[in-house]
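Peer 1: Mind looking over this structure? Questions follow.
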Amino acid sequence: MSAKAYIVGAYEHPLRKAPNHSVAQLHAEVAKGALEDAGLTKDDIDGYFCSSDAPGLGPTSILDYMNLKVRHVDTTDIGGASYLTLVNHAVRAIAEGKCNVALITLAGRPRSEGQATGTSAKMRGEAVPDTQWEYPFGVANINGYAMCAMRHMYEFGTTPEQLAWIKVAASHHAQHNPNAMLRDLVTVEDVLASPMVADPLRRLDCCVISDGGGALIVAKPEIARSLKRPLVKVIGAGETVKHQSGGVIDLTYSGAAWAGAQAFAEAGVKPSDIQYASIYDSFTITVLIQLEDLGFCAKGEGGKFVADGGLISGVGKLAVNTDGGGLCNNHPANRGGMTKVIEAVRQLRGEAHPAVQVPNCTLALAQGTGGLLATRHGSATLIMERE
Amino acid sequence: MMMTIKERTIPVPVPSPETAAFWDAAKEGKFLLKWCTECEKPHWYPRTLCPFCFSSKTEWREASGRGTIYSYSVMRRAPEVFAVAYVTLEEGPTMLTNLKDCDFDALAIGQKVQLSFTATEGGAPVPMFVPV
């Protein structure tokens, strides 16, 4: 990658329920946390990147609230995957000299605000061209993802037990994370015994709903090298949107097939080189499909790949979501892309919990999916290397 | 077992200028597909510009209403249980819809289905499907 920049600061808000915080306050607290992590100050920031979880017109209200003066802004919204694209965009902006130190923030309070996130269809406005063709049919988050799971099971023989292993792995990791929302170990039997929500997905196939947020600081090489932190370089990135293609539909793969290919080509590495992967886990099926699409296993082999502890650090073939992921740890603002990058940075720095740390982790991948897997979703991939 | 539980209230589809003809036809029980006369492909959902070749030469044609279930999911955790589905039409496109008037526990991918318009509260009926 010619555009070189480093992730120098990363911070995940410790709260999972924040009834006494404002959303703007959460944005500012994670910004402060990431700056302290990097060893930088507020005045060092000259670029700001956010998505639609930031209240107000694009970046304007949060910049006003934090009293930041910047010379580059970017707001991109592809749902939960936005924060991976924002890292990518920050890297390019830094390479072009548009800014030197980029701040990216995410925050929200869906848990305190009592949002029924997954099971009710959202009215996104009558001008949205798909609303009249979809809203009447009640396609929500979970039943959309469930249709992908149903088709995957039909074509490849994937089983509910295999999906359950993804939650089991997340719980194995979350037990070591004191901030995780769900810290109890669960078994395949526990997942299968949880109530069916939308066939074939059960309650424990779903991610948590949490308040909080996170922030990242991306900086140009000269600044990164002046700081006292391990050097985490972004070496490859990809992004795309997969949708219904005019009615030519294949629910067995995601945009990760395209975004991942871009990122691997740019990084000049292959899936078998990756030592740790953060894989977006809104639901268990989200992980399985993306693992296949990224090339960690062949299409249709994801069930076997994740089964029997395949994703548990130190046990399986690939350590995935060692913070407990969205399934057990945190899914702030219903958008998991930020925490995906943060845990990858922890792994590359050697700062993950010792029980889940991948030994001498130098190459990591983060993968995000935003929106609805079935109908249309953003997808973004980042590949990062410790120098 | 036929589902005799309380039916879900179906939100009214709000037509746009480019889709009014579809919903007007739906009120008369006709199910229209948009075809491109340049590349001769039907698409879903209906647009003025063909999503395959961007030609503006698109026209409405009445469709058979026959299809097969591509995928589905029964929403169990809802006040009224319902089934969302993708149905592949005999003409080619796959569309998002609901399955109704059936045993939700007996649904299967590949099942043949037939169009059945379902009333909404005061608006045009929406295209749903019933297993045959």
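FYI, nothing fancy with the structure tokens labels: chains A, B, ... in order, residues from 1 per chain, ligands from 1 as they appear.
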Should the cut-off be 9 Å, what would the residue list for chain B against chain A look like, counting only C-alpha atoms, as a PyMOL selection string?
Peer 2: chain B and resi 9-16+42-46+50-52+70-78+82-86+88+92-98+109+120+126+128
Peer 1: For Lys57 (chain B), please output as a list in words all residues within 9 Å (counting only C-alpha atoms; exclusion window: fewer than 2 positions along the same chain).
Peer 2: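 My reading of the contact set: Trp35, Cys36, Thr37, Glu38, Thr48, Leu49, Cys50, Phe54, Ser55 and Glu59 of chain B.
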Peer 1: Produce a file of the selected residues containing N, CA and C atoms, as a PDB file, in the first residue's frame.
Peer 2:
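Contents of selection34.pdb, as written:
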```pdb
ATOM      1  N   TRP B  35     -40.058  -4.809 -17.373  1.00  0.00           N
ATOM      2  CA  TRP B  35     -39.120  -5.438 -18.314  1.00  0.00           C
ATOM      3  C   TRP B  35     -38.380  -4.351 -19.073  1.00  0.00           C
ATOM      4  N   CYS B  36     -37.161  -4.635 -19.456  1.00  0.00           N
ATOM      5  CA  CYS B  36     -36.396  -3.748 -20.323  1.00  0.00           C
ATOM      6  C   CYS B  36     -36.561  -4.251 -21.759  1.00  0.00           C
ATOM      7  N   THR B  37     -36.959  -3.369 -22.659  1.00  0.00           N
ATOM      8  CA  THR B  37     -37.135  -3.799 -24.046  1.00  0.00           C
ATOM      9  C   THR B  37     -35.825  -3.735 -24.828  1.00  0.00           C
ATOM     10  N   GLU B  38     -34.792  -3.211 -24.219  1.00  0.00           N
ATOM     11  CA  GLU B  38     -33.460  -3.200 -24.876  1.00  0.00           C
ATOM     12  C   GLU B  38     -32.747  -4.521 -24.613  1.00  0.00           C
ATOM     13  N   THR B  48     -37.618   2.799 -13.444  1.00  0.00           N
ATOM     14  CA  THR B  48     -37.795   3.391 -14.771  1.00  0.00           C
ATOM     15  C   THR B  48     -36.599   3.060 -15.658  1.00  0.00           C
ATOM     16  N   LEU B  49     -35.401   3.128 -15.079  1.00  0.00           N
ATOM     17  CA  LEU B  49     -34.190   2.759 -15.818  1.00  0.00           C
ATOM     18  C   LEU B  49     -33.857   1.305 -15.503  1.00  0.00           C
ATOM     19  N   CYS B  50     -33.579   0.541 -16.531  1.00  0.00           N
ATOM     20  CA  CYS B  50     -33.224  -0.863 -16.325  1.00  0.00           C
ATOM     21  C   CYS B  50     -31.966  -0.971 -15.459  1.00  0.00           C
ATOM     22  N   PHE B  54     -29.268   0.166 -17.896  1.00  0.00           N
ATOM     23  CA  PHE B  54     -29.571   1.599 -17.729  1.00  0.00           C
ATOM     24  C   PHE B  54     -30.403   2.167 -18.879  1.00  0.00           C
ATOM     25  N   SER B  55     -30.979   1.312 -19.692  1.00  0.00           N
ATOM     26  CA  SER B  55     -31.884   1.805 -20.727  1.00  0.00           C
ATOM     27  C   SER B  55     -33.136   2.366 -20.063  1.00  0.00           C
ATOM     28  N   GLU B  59     -40.896  -1.350 -19.711  1.00  0.00           N
ATOM     29  CA  GLU B  59     -42.365  -1.388 -19.793  1.00  0.00           C
ATOM     30  C   GLU B  59     -42.918  -2.390 -18.792  1.00  0.00           C
TER      31      GLU B  59
END
```
Peer 1: Using DSSP secondary structure from the backbone, list all alpha helix (DSSP H) positions within chain B, as a list of chain:residue names.
Peer 2: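 Checking each residue of chain B, the alpha helix (DSSP H) ones are B:Ala20, B:Ala21, B:Phe22, B:Trp23, B:Asp24, B:Ala25, B:Ala26, B:Lys27.
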Peer 1: So that I can check the surroundings of Glu239 (chain A), please list as a list in words every protein, DNA and RNA residue that reaches within 10 Å of it, counting only C-alpha atoms and ignoring chain neighbours fewer than 5 positions away.
Peer 2: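 Contacts, with the query itself left out: Ile78, Ala81, Ser82, Leu84, Thr85, Asn88, Gly255, Ala256, Trp258, Ala259, Gly260, Ala261, Gln262, Ala263, Gln367, Gly368, Thr369, Gly378, Ser379, Ala380, Thr381 and Leu382 of chain A.
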Peer 1: Quick one: everything within 7 Å of region 166-169 of chain A, counting only C-alpha atoms, minus sequence neighbours fewer than 6 positions away in the same chain. Send it as a PyMOL selection string.
Peer 2: chain A and resi 186-188+205+284+306+309+311-312+327
Peer 1: Please identify all polymer residues within 9 Å of Gly29 (chain B), counting only C-alpha atoms, omitting same-chain residues fewer than 3 positions from it, and present them as a PyMOL selection string.
Peer 2: chain B and resi 25-26+116-117+125
Peer 1: What are the DSSP strand (DSSP E or B) residues of chain B, as JSON, numbers by chain?
Peer 2: {"B": [32, 33, 34, 35, 36, 42, 43, 58, 59, 60, 61, 62, 66, 67, 68, 69, 70, 71, 72, 73, 74, 75, 82, 83, 84, 85, 86, 87, 88, 89, 94, 95, 96, 97, 98, 99, 112, 113, 114, 115, 116, 117, 118, 126, 127, 128, 129, 130, 131]}
Peer 1: Which residue gives the smallest distance to Ala364 (chain A) among A:Leu103, A:Ala298, A:Ala257, A:Ile274, with only C-alpha atoms counted?
Peer 2: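 Looking only at the distances to Ala364 (chain A), the closest residue turns out to be A:Ile274.
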Peer 1: Would you mind listing what lies within 9 Å of Gln111 (chain B) as a PyMOL selection string, with only C-alpha atoms counted and same-chain residues fewer than 5 positions away left out?
Peer 2: chain B and resi 67-70+131-132
Peer 1: Put those residues in a file: N, CA and C atoms, as a CSV table (one decimal), in the first residue's frame.
Peer 2:
```csv
chain,number,residue,atom,x,y,z
B,67,GLY,N,-44.1,-18.9,-8.6
B,67,GLY,CA,-42.7,-18.8,-8.2
B,67,GLY,C,-42.3,-19.9,-7.3
B,68,THR,N,-41.1,-19.9,-6.8
B,68,THR,CA,-40.6,-20.9,-5.8
B,68,THR,C,-39.9,-20.2,-4.7
B,69,ILE,N,-40.0,-20.8,-3.5
B,69,ILE,CA,-39.3,-20.2,-2.3
B,69,ILE,C,-37.8,-20.3,-2.4
B,70,TYR,N,-37.1,-19.1,-2.5
B,70,TYR,CA,-35.6,-19.1,-2.5
B,70,TYR,C,-35.1,-19.2,-1.0
B,131,PRO,N,-48.1,-21.2,-0.6
B,131,PRO,CA,-47.7,-22.4,-1.2
B,131,PRO,C,-48.8,-23.2,-1.9
B,132,VAL,N,-48.4,-23.8,-3.0
B,132,VAL,CA,-49.5,-24.5,-3.8
B,132,VAL,C,-49.3,-26.1,-3.7
```
Peer 1: So that I can check the surroundings of Asn330 (chain A), please list as a ChimeraX atom specification every protein, DNA and RNA residue that reaches within 12 Å of it, counting only C-alpha atoms and ignoring chain neighbours fewer than 5 positions away.
Peer 2: /A:12-17,107-111,170,174,177-183,206-214,280-282,321-325,335-340,342-343
Peer 1: Which is closest to Val234 (chain A) among A:Thr159, A:Thr252, A:Thr362, A:Gln357, if we use only C-alpha atoms?
Peer 2: A:Thr362
Peer 1: Let me make sure I understand: among A:Val320, A:His377, A:Lys32, A:Cys50, which one has the smallest atom-to-atom distance to Leu86 (chain A) if we use only C-alpha atoms?
Peer 2: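 Once distances to Leu86 (chain A) are computed over only C-alpha atoms, the minimum belongs to A:Cys50.
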